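Have a look at the structure below, then the notes.
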Amino acid sequence: MTRKNRRLLVLLICGIGLGSAAALTLSAFSDNLVFFVSPSDLAKSGPSGRQVRLGGLVEQGTVEKSSGGQAGARFKVTDGNASVPVVYKGILPDLFREGQGVVVLGVVQPDGVFRASEVLAKHDENYMPKEVAEALKKSGRWNPASGSPPPASTWNEPAKPEADRPRG
């Protein structure tokens with residue numbers, strides 16, 4: 001075997017080893033990936049049994065805190081087009097409130113209820129998940145050029161045609 005062939009063989013073996021290590025690493029990560037979805041996407045896909053992150057705003061008038069000494073709450077997360085009922089057992093973050101942005105980690109049950117294991121509330125009052133902002137733009141409820149997004153309490157109202165909207 002010539003020196004050139006030995007070098008080529010060593011490079012080939014190193015390449016196969018490096019490729020195998022990368023493939024094993026990526027396959028290990030794929031089991032731990034948690035996807036971020038909006039309520040509209042979740043309503044389309046239905047229960048999958050897989051853990052997902054659900055992002056949106058807490059719908060006005062839907063928060064029911066648990067009573068009887070047990071920490072937890074029931075509420076709905078919305079993106080303006082769809083709402084998903086969420087059940088959470090545990091202590092809610094201090095910044096959690098109606099109309100605020102929230103990301104919940106959990107699993108959709110066969111009955112359509114999202115059972116959350118973790119609730120995250122963003123500290124910035126202007127926070128809005130990217131998917132929620134896109135859904136509001138697509139539905140015609142918000143134009144970023146006209147200012148900040150409408151309050152979450154108005155999301156379930158029918159969208160006004162452009163001619164009926166106040167100018168300002």
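Each chain in the structure tokens gets a letter, A, B and so on, in the order shown; residues start at 1 in every chain, and ligands are counted from 1 in the order they appear.
Within 6 Å of Val86 in chain A, once only C-alpha atoms are used and residues closer than 2 positions along the same chain are dropped, the contacting residues are Arg74, Phe75, Lys76, Val113, Phe114 and Arg115 of chain A.
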Listing only residues of range 69-93 of chain A within 10 Å of range 135-140 of chain A, what is the closest atom pair and its distance in Å (to one decimal) for each, using only C-alpha atoms, sorted by chain and residue number ascending, as a tab-separated table?
```
residue	atom	partner	partner_atom	distance
A:Asp79	CA	A:Ala135	CA	6.6
A:Gly80	CA	A:Leu136	CA	6.4
A:Asn81	CA	A:Ala135	CA	7.3
A:Ala82	CA	A:Ala135	CA	9.9
```
For the residues in that selection, give me N, CA and C atoms as a tab-separated table (two decimals), in the first residue's frame.
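Contents of the output file selection_0.tsv:
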```tsv
chain	number	residue	atom	x	y	z
A	79	ASP	N	-54.78	32.94	19.99
A	79	ASP	CA	-53.98	33.72	19.06
A	79	ASP	C	-54.87	34.62	18.22
A	80	GLY	N	-56.13	34.73	18.61
A	80	GLY	CA	-57.08	35.56	17.89
A	80	GLY	C	-57.98	34.76	16.97
A	81	ASN	N	-57.52	33.62	16.50
A	81	ASN	CA	-58.32	32.77	15.62
A	81	ASN	C	-58.86	31.55	16.35
A	82	ALA	N	-58.09	31.00	17.25
A	82	ALA	CA	-58.50	29.79	17.97
A	82	ALA	C	-58.09	29.92	19.43
```
DSSP helix (DSSP H, G or I) residues within range 10-142 of chain A, listed as a PyMOL selection string: chain A and resi 10-32+39-45+130-139
Given the selection you just returned, output its residues as a file containing C-alpha atoms, formatted as a tab-separated table (two decimals), in the first residue's frame.
```tsv
chain	number	residue	atom	x	y	z
A	10	VAL	CA	-7.08	7.23	7.34
A	11	LEU	CA	-9.07	10.25	6.11
A	12	LEU	CA	-11.91	8.00	5.02
A	13	ILE	CA	-12.04	6.22	8.40
A	14	CYS	CA	-11.93	9.58	10.24
A	15	GLY	CA	-14.74	10.92	8.04
A	16	ILE	CA	-16.92	7.86	8.71
A	17	GLY	CA	-16.25	8.15	12.46
A	18	LEU	CA	-17.07	11.86	12.51
A	19	GLY	CA	-20.22	11.33	10.44
A	20	SER	CA	-21.38	8.52	12.75
A	21	ALA	CA	-20.80	10.66	15.84
A	22	ALA	CA	-22.78	13.54	14.30
A	23	ALA	CA	-25.65	11.22	13.33
A	24	LEU	CA	-25.84	9.74	16.84
A	25	THR	CA	-25.82	13.21	18.41
A	26	LEU	CA	-28.59	14.50	16.14
A	27	SER	CA	-30.75	11.42	16.74
A	28	ALA	CA	-30.40	11.92	20.51
A	29	PHE	CA	-31.47	15.57	20.16
A	30	SER	CA	-34.52	14.75	18.06
A	31	ASP	CA	-36.07	12.83	20.97
A	32	ASN	CA	-35.76	15.90	23.19
A	39	PRO	CA	-53.46	27.66	19.21
A	40	SER	CA	-54.56	27.65	15.53
A	41	ASP	CA	-51.87	25.11	14.63
A	42	LEU	CA	-52.72	22.99	17.65
A	43	ALA	CA	-56.42	22.98	16.75
A	44	LYS	CA	-55.56	21.72	13.25
A	45	SER	CA	-53.21	18.95	14.37
A	130	LYS	CA	-44.15	35.63	16.61
A	131	GLU	CA	-46.87	33.17	15.60
A	132	VAL	CA	-49.54	35.24	17.39
A	133	ALA	CA	-48.38	38.42	15.67
A	134	GLU	CA	-48.49	36.68	12.28
A	135	ALA	CA	-51.98	35.32	12.97
A	136	LEU	CA	-53.24	38.81	13.92
A	137	LYS	CA	-51.73	40.30	10.76
A	138	LYS	CA	-53.18	37.55	8.57
A	139	SER	CA	-56.67	37.89	10.07
```
DSSP-assigned strand (DSSP E or B) members of range 8-91 of chain A, reported as a VMD selection string: chain A and resid 35 to 37 52 to 58 64 to 65 72 to 78 83 to 89
Extract, using only C-alpha atoms, all DNA, RNA and protein residues at most 7 Å from range 64-72 of chain A, discarding same-chain residues fewer than 6 positions from it, and format them as an mmCIF file with C-alpha atoms, in the first residue's frame.
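Saved the output as part-v5.cif:
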```cif
data_model
loop_
_atom_site.group_PDB
_atom_site.id
_atom_site.type_symbol
_atom_site.label_atom_id
_atom_site.label_comp_id
_atom_site.auth_asym_id
_atom_site.auth_seq_id
_atom_site.Cartn_x
_atom_site.Cartn_y
_atom_site.Cartn_z
ATOM 1 C CA TYR A 88 -52.226 23.693 35.087
ATOM 2 C CA LYS A 89 -51.486 22.360 38.565
ATOM 3 C CA GLY A 90 -48.830 24.349 40.326
ATOM 4 C CA ILE A 91 -47.918 27.891 41.255
ATOM 5 C CA LEU A 92 -48.436 30.413 38.456
#
```
Exercise: Val107 in chain A partners within 9 Å, only C-alpha atoms, chain neighbours under 4 positions left out, as a VMD selection string: chain A and resid 47 to 53 113 to 117
Keeping C-alpha atoms for every residue in the selection just given, could you write it to a file as an mmCIF file, in the first residue's frame?
```cif
data_model
loop_
_atom_site.group_PDB
_atom_site.id
_atom_site.type_symbol
_atom_site.label_atom_id
_atom_site.label_comp_id
_atom_site.auth_asym_id
_atom_site.auth_seq_id
_atom_site.Cartn_x
_atom_site.Cartn_y
_atom_site.Cartn_z
ATOM 1 C CA PRO A 47 -53.745 15.510 20.169
ATOM 2 C CA SER A 48 -50.449 13.872 19.279
ATOM 3 C CA GLY A 49 -49.320 12.659 22.695
ATOM 4 C CA ARG A 50 -46.073 14.578 22.190
ATOM 5 C CA GLN A 51 -44.966 17.381 24.486
ATOM 6 C CA VAL A 52 -45.220 20.813 22.842
ATOM 7 C CA ARG A 53 -44.908 24.470 23.744
ATOM 8 C CA VAL A 113 -57.616 20.092 26.886
ATOM 9 C CA PHE A 114 -53.959 21.101 27.058
ATOM 10 C CA ARG A 115 -52.473 19.716 30.302
ATOM 11 C CA ALA A 116 -49.574 22.024 31.163
ATOM 12 C CA SER A 117 -46.556 21.020 33.215
#
```
Straight-line distance linking CA of Gln109 in chain A with CA of Glu59 in chain A, stated in Å to one decimal: 20.0 Å
Shortest interatomic distance to Asp94 in chain A - which of A:Val108, A:Val119, A:Val77, A:Met1, counting only C-alpha atoms: A:Val119
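Checking A:Val87, A:Val37, A:Leu57, A:Ala73 one by one against Gly112 in chain A, counting only C-alpha atoms, you find the shortest gap at A:Val87.
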Distance criterion (only C-alpha atoms): nearest to Gln60 in chain A out of A:Glu98, A:Ser38, A:Arg7, A:Val84: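 Checking each candidate against Gln60 in chain A, we get A:Glu98 as the closest.
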Atom-to-atom span, CA of Leu105 in chain A and CA of Gly55 in chain A, Å: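 Computing it gives 8.9 Å between the two atoms.
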Pick from A:Ser83, A:Leu8, A:Thr78, A:Leu54, whichever lies nearest to Glu118 in chain A using only C-alpha atoms: A:Leu54
